[in-house]
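What follows is a short report on a single structure.
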Amino acid sequence: MKKENAINEKTKTRKAFVLAGGMGLRLRPFTLEIPKPMLLVKGRPILEYNIRNLIEHGVKQIILGVSHKNEVINDYFGKKFDGARITYCKEEKLLGTAGALKNAEKYLKGKSFFVCNGDEVKDVNYSKMALLLEKKKALGVIALKKLKNIENFGVVELEGNKVLRFIEKPKSWETESRIVNAGAYALSNKILRMIPKKRRYSLERDVFPVLSFEQSLYGCKCVGQWFPTDTPEKYEIAIKKATFFRRWFDAYNSN
């Protein structure tokens, strides 16, 4: 990962916001006592996978958007984790993916930052996204993955790496594209101006369609293994099939 970190050294994207406040209703009873991002995969919280992935790409400050059972997250990660400063931004009421981001605006000073869903097990090349954001002078770059089944995902239609259309959870007949949003982004700080304060607002439904219309949104095929965990069946697949974590955890266990 040294080469990739060198790329991010150039772009200087050092902050990340992680969405970690969902209720995990479809995973009950597992999520009655712990928040969904703290469910274990291979003995580690799902959220830890995302945090270590961001740190690997040079992130020094991570803001966690928390709500449900947030004290469990705070107790585990504390104020500093593996060299990165951890800040907690609590939502008193759920504001959606963009509303949660706006709620953390005071922590997101600087030219750009990363955003990711904290309840998915995924391996993302954030440095590659940061470089594309800088190169295209874009407002946003989305991490993309090609799937056979696009049901319940956001789908993009591309021209090169420019997003021509972003469609959140389309019917199969609405688009021929099978390239989906993998829940990780590099965003310009300017995007925060588009989001109203203290209102429920969505990146996927309210922000990305506008950016694609304005031709300021790009896609980056930079995702290795990726396991959404929003149902018990998908959670089980993540537990059985995830392997990329070994480059982090095996190294720690051998010390």
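A note on labels: chains of the structure tokens are A, B, ... as shown, every chain counts residues from 1, and ligands are counted from 1 in their shown order.
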- [ ] List the neighbours of Glu168 in chain A out to 12 Å using only C-alpha atoms; skip same-chain residues closer than 2 positions along the sequence, and give me the result as an NGL selection string.
- [x] :A and (150-157 or 165-166 or 170-172 or 174-175 or 179-181 or 202-209)
Write out the residues from the selection above, keeping N, CA and C atoms, as a PDB file, in the first residue's frame.
```
ATOM      1  N   ILE A 150     -28.665  -5.784  -9.279  1.00  0.00           N
ATOM      2  CA  ILE A 150     -28.582  -4.400  -8.792  1.00  0.00           C
ATOM      3  C   ILE A 150     -29.710  -4.051  -7.825  1.00  0.00           C
ATOM      4  N   GLU A 151     -30.520  -5.031  -7.473  1.00  0.00           N
ATOM      5  CA  GLU A 151     -31.655  -4.757  -6.591  1.00  0.00           C
ATOM      6  C   GLU A 151     -31.191  -4.163  -5.263  1.00  0.00           C
ATOM      7  N   ASN A 152     -31.834  -3.068  -4.861  1.00  0.00           N
ATOM      8  CA  ASN A 152     -31.576  -2.381  -3.582  1.00  0.00           C
ATOM      9  C   ASN A 152     -30.244  -1.643  -3.529  1.00  0.00           C
ATOM     10  N   PHE A 153     -29.664  -1.323  -4.698  1.00  0.00           N
ATOM     11  CA  PHE A 153     -28.442  -0.529  -4.737  1.00  0.00           C
ATOM     12  C   PHE A 153     -28.665   0.738  -5.561  1.00  0.00           C
ATOM     13  N   GLY A 154     -27.803   1.738  -5.329  1.00  0.00           N
ATOM     14  CA  GLY A 154     -27.754   2.890  -6.212  1.00  0.00           C
ATOM     15  C   GLY A 154     -26.953   2.511  -7.456  1.00  0.00           C
ATOM     16  N   VAL A 155     -27.442   2.888  -8.626  1.00  0.00           N
ATOM     17  CA  VAL A 155     -26.821   2.489  -9.891  1.00  0.00           C
ATOM     18  C   VAL A 155     -26.360   3.731 -10.649  1.00  0.00           C
ATOM     19  N   VAL A 156     -25.189   3.630 -11.294  1.00  0.00           N
ATOM     20  CA  VAL A 156     -24.694   4.750 -12.092  1.00  0.00           C
ATOM     21  C   VAL A 156     -24.603   4.352 -13.557  1.00  0.00           C
ATOM     22  N   GLU A 157     -24.853   5.334 -14.411  1.00  0.00           N
ATOM     23  CA  GLU A 157     -24.611   5.202 -15.845  1.00  0.00           C
ATOM     24  C   GLU A 157     -23.421   6.097 -16.165  1.00  0.00           C
ATOM     25  N   ARG A 165     -25.764   9.593 -14.971  1.00  0.00           N
ATOM     26  CA  ARG A 165     -27.028   9.473 -14.243  1.00  0.00           C
ATOM     27  C   ARG A 165     -26.807   8.610 -13.009  1.00  0.00           C
ATOM     28  N   PHE A 166     -27.368   9.060 -11.887  1.00  0.00           N
ATOM     29  CA  PHE A 166     -27.340   8.292 -10.649  1.00  0.00           C
ATOM     30  C   PHE A 166     -28.781   7.964 -10.288  1.00  0.00           C
ATOM     31  N   PRO A 170     -33.086   1.493  -8.543  1.00  0.00           N
ATOM     32  CA  PRO A 170     -34.002   1.409  -9.687  1.00  0.00           C
ATOM     33  C   PRO A 170     -34.554  -0.003  -9.866  1.00  0.00           C
ATOM     34  N   LYS A 171     -35.653  -0.102 -10.608  1.00  0.00           N
ATOM     35  CA  LYS A 171     -36.116  -1.397 -11.079  1.00  0.00           C
ATOM     36  C   LYS A 171     -35.165  -1.864 -12.177  1.00  0.00           C
ATOM     37  N   SER A 172     -35.061  -3.154 -12.389  1.00  0.00           N
ATOM     38  CA  SER A 172     -34.099  -3.691 -13.357  1.00  0.00           C
ATOM     39  C   SER A 172     -34.330  -3.164 -14.759  1.00  0.00           C
ATOM     40  N   GLU A 174     -35.297  -0.149 -15.532  1.00  0.00           N
ATOM     41  CA  GLU A 174     -35.067   1.290 -15.629  1.00  0.00           C
ATOM     42  C   GLU A 174     -33.688   1.646 -16.161  1.00  0.00           C
ATOM     43  N   THR A 175     -32.752   0.710 -16.134  1.00  0.00           N
ATOM     44  CA  THR A 175     -31.392   0.972 -16.595  1.00  0.00           C
ATOM     45  C   THR A 175     -30.738  -0.333 -17.027  1.00  0.00           C
ATOM     46  N   ILE A 179     -23.527  -1.296 -12.741  1.00  0.00           N
ATOM     47  CA  ILE A 179     -22.454  -0.717 -11.933  1.00  0.00           C
ATOM     48  C   ILE A 179     -23.092   0.045 -10.774  1.00  0.00           C
ATOM     49  N   VAL A 180     -22.729  -0.329  -9.558  1.00  0.00           N
ATOM     50  CA  VAL A 180     -23.442   0.196  -8.394  1.00  0.00           C
ATOM     51  C   VAL A 180     -22.527   0.991  -7.462  1.00  0.00           C
ATOM     52  N   ASN A 181     -23.173   1.811  -6.676  1.00  0.00           N
ATOM     53  CA  ASN A 181     -22.525   2.587  -5.626  1.00  0.00           C
ATOM     54  C   ASN A 181     -22.115   1.660  -4.485  1.00  0.00           C
ATOM     55  N   SER A 202     -30.628  13.216   1.761  1.00  0.00           N
ATOM     56  CA  SER A 202     -29.921  12.011   1.333  1.00  0.00           C
ATOM     57  C   SER A 202     -28.876  12.313   0.266  1.00  0.00           C
ATOM     58  N   LEU A 203     -27.677  11.771   0.449  1.00  0.00           N
ATOM     59  CA  LEU A 203     -26.668  11.860  -0.606  1.00  0.00           C
ATOM     60  C   LEU A 203     -27.166  11.167  -1.867  1.00  0.00           C
ATOM     61  N   GLU A 204     -27.754   9.982  -1.672  1.00  0.00           N
ATOM     62  CA  GLU A 204     -28.130   9.146  -2.802  1.00  0.00           C
ATOM     63  C   GLU A 204     -29.349   9.674  -3.558  1.00  0.00           C
ATOM     64  N   ARG A 205     -30.298  10.244  -2.856  1.00  0.00           N
ATOM     65  CA  ARG A 205     -31.532  10.692  -3.512  1.00  0.00           C
ATOM     66  C   ARG A 205     -31.558  12.187  -3.820  1.00  0.00           C
ATOM     67  N   ASP A 206     -30.858  12.986  -3.032  1.00  0.00           N
ATOM     68  CA  ASP A 206     -30.966  14.442  -3.171  1.00  0.00           C
ATOM     69  C   ASP A 206     -29.712  15.111  -3.714  1.00  0.00           C
ATOM     70  N   VAL A 207     -28.536  14.541  -3.457  1.00  0.00           N
ATOM     71  CA  VAL A 207     -27.279  15.201  -3.836  1.00  0.00           C
ATOM     72  C   VAL A 207     -26.681  14.614  -5.112  1.00  0.00           C
ATOM     73  N   PHE A 208     -26.472  13.319  -5.161  1.00  0.00           N
ATOM     74  CA  PHE A 208     -25.791  12.718  -6.302  1.00  0.00           C
ATOM     75  C   PHE A 208     -26.546  12.885  -7.622  1.00  0.00           C
ATOM     76  N   PRO A 209     -27.882  12.777  -7.666  1.00  0.00           N
ATOM     77  CA  PRO A 209     -28.571  13.022  -8.941  1.00  0.00           C
ATOM     78  C   PRO A 209     -28.329  14.439  -9.478  1.00  0.00           C
TER      79      PRO A 209
END
```
TODO: If you run DSSP over the backbone, which residues in range 78-239 of chain A end up strand (DSSP E)? Put them as an MDAnalysis selection string.
DONE: chainID A and resid 80:81 84:90 112:117 120:124 140:146 154:159 162:168 179:188 217:220 223:228
Task: Selection near Ala242 in chain A, 10 Å with only C-alpha atoms, sequence-local residues under 2 positions removed, as a list in words - done: Val41, Lys42, Val121, Lys122, Asp123, Gln225, Trp226, Phe227, Ile237, Ala238, Ile239, Lys240, Phe244, Phe245 and Arg246 of chain A
Convert the current residue selection to file output with N, CA and C atoms, as an mmCIF file, in the first residue's frame.
```
data_model
loop_
_atom_site.group_PDB
_atom_site.id
_atom_site.type_symbol
_atom_site.label_atom_id
_atom_site.label_comp_id
_atom_site.auth_asym_id
_atom_site.auth_seq_id
_atom_site.Cartn_x
_atom_site.Cartn_y
_atom_site.Cartn_z
ATOM 1 N N VAL A 41 -17.329 -9.490 12.439
ATOM 2 C CA VAL A 41 -16.945 -10.317 11.295
ATOM 3 C C VAL A 41 -15.510 -10.756 11.545
ATOM 4 N N LYS A 42 -15.286 -12.048 11.621
ATOM 5 C CA LYS A 42 -13.957 -12.593 11.940
ATOM 6 C C LYS A 42 -13.429 -12.039 13.270
ATOM 7 N N VAL A 121 -18.627 -4.374 5.041
ATOM 8 C CA VAL A 121 -17.258 -4.878 5.057
ATOM 9 C C VAL A 121 -16.696 -4.696 3.651
ATOM 10 N N LYS A 122 -15.742 -3.770 3.496
ATOM 11 C CA LYS A 122 -15.277 -3.474 2.147
ATOM 12 C C LYS A 122 -13.824 -3.035 2.126
ATOM 13 N N ASP A 123 -13.213 -3.213 0.976
ATOM 14 C CA ASP A 123 -11.806 -2.907 0.749
ATOM 15 C C ASP A 123 -11.727 -1.894 -0.390
ATOM 16 N N GLN A 225 -12.941 -6.649 -2.347
ATOM 17 C CA GLN A 225 -14.046 -7.352 -1.703
ATOM 18 C C GLN A 225 -15.020 -6.348 -1.082
ATOM 19 N N TRP A 226 -16.297 -6.660 -1.193
ATOM 20 C CA TRP A 226 -17.322 -5.762 -0.665
ATOM 21 C C TRP A 226 -18.532 -6.588 -0.246
ATOM 22 N N PHE A 227 -18.904 -6.453 1.015
ATOM 23 C CA PHE A 227 -20.002 -7.237 1.555
ATOM 24 C C PHE A 227 -20.980 -6.331 2.309
ATOM 25 N N ILE A 237 -22.808 -14.084 4.702
ATOM 26 C CA ILE A 237 -21.856 -14.168 3.584
ATOM 27 C C ILE A 237 -20.563 -13.427 3.927
ATOM 28 N N ALA A 238 -20.693 -12.244 4.540
ATOM 29 C CA ALA A 238 -19.505 -11.478 4.942
ATOM 30 C C ALA A 238 -18.645 -12.277 5.916
ATOM 31 N N ILE A 239 -19.281 -12.923 6.872
ATOM 32 C CA ILE A 239 -18.546 -13.708 7.864
ATOM 33 C C ILE A 239 -17.794 -14.854 7.189
ATOM 34 N N LYS A 240 -18.428 -15.488 6.219
ATOM 35 C CA LYS A 240 -17.841 -16.669 5.574
ATOM 36 C C LYS A 240 -16.760 -16.323 4.560
ATOM 37 N N PHE A 244 -9.779 -10.096 2.956
ATOM 38 C CA PHE A 244 -8.800 -9.020 2.777
ATOM 39 C C PHE A 244 -8.261 -8.485 4.101
ATOM 40 N N PHE A 245 -8.999 -8.673 5.192
ATOM 41 C CA PHE A 245 -8.605 -8.169 6.516
ATOM 42 C C PHE A 245 -7.250 -8.709 6.968
ATOM 43 N N ARG A 246 -6.802 -9.797 6.382
ATOM 44 C CA ARG A 246 -5.579 -10.448 6.878
ATOM 45 C C ARG A 246 -4.365 -9.531 6.802
#
```
Open item on the list: According to DSSP computed on the backbone, where in range 10-203 of chain A is there helix (DSSP H, G or I)? Give the residues as a PyMOL selection string.
Closed with: chain A and resi 10-11+25-27+36-38+46-56+70-77+96-103+105-107+126-136+172-174+189-194+203
Open item on the list: Which residues are near Gly140 in chain A? Cut-off 6 Å, only C-alpha atoms, ignore same chain within fewer than 2 positions. Put them as a VMD selection string.
Closed with: chain A and resid 138 186 to 187 217
Task: Residues within 8 Å of Ile195 in chain A, only C-alpha atoms, excluding chain neighbours under 5 positions, as JSON, numbers by chain - done: {"A": [98, 99, 102, 201, 207]}
Task: Pairwise distance for CA of Ser216 in chain A and CA of Ile167 in chain A, rounded to one decimal in Å - done: 15.6 Å
Open item on the list: Using only C-alpha atoms for the distances, tell me which of A:Lys93, A:Asp119, A:Gly58, A:Phe77 is nearest to Tyr235 in chain A.
Closed with: A:Asp119
Task: Contact residues around Val72 in chain A with only C-alpha atoms at 9 Å, ignoring same-chain residues under 4 positions, as a ChimeraX atom specification - done: /A:34-35,38,76-77
Task: Counting only C-alpha atoms, the residue of A:Tyr126, A:Phe113, A:Phe249, A:Trp173 that sits nearest Lys190 in chain A - done: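 Checking each candidate against Lys190 in chain A, we get A:Phe113 as the closest.
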Task: Atomic distance CA of Leu139 in chain A - CA of Gln215 in chain A, expressed in Å with one decimal - done: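 If I compute the distance from CA of Leu139 in chain A to CA of Gln215 in chain A, I get 9.3 Å.
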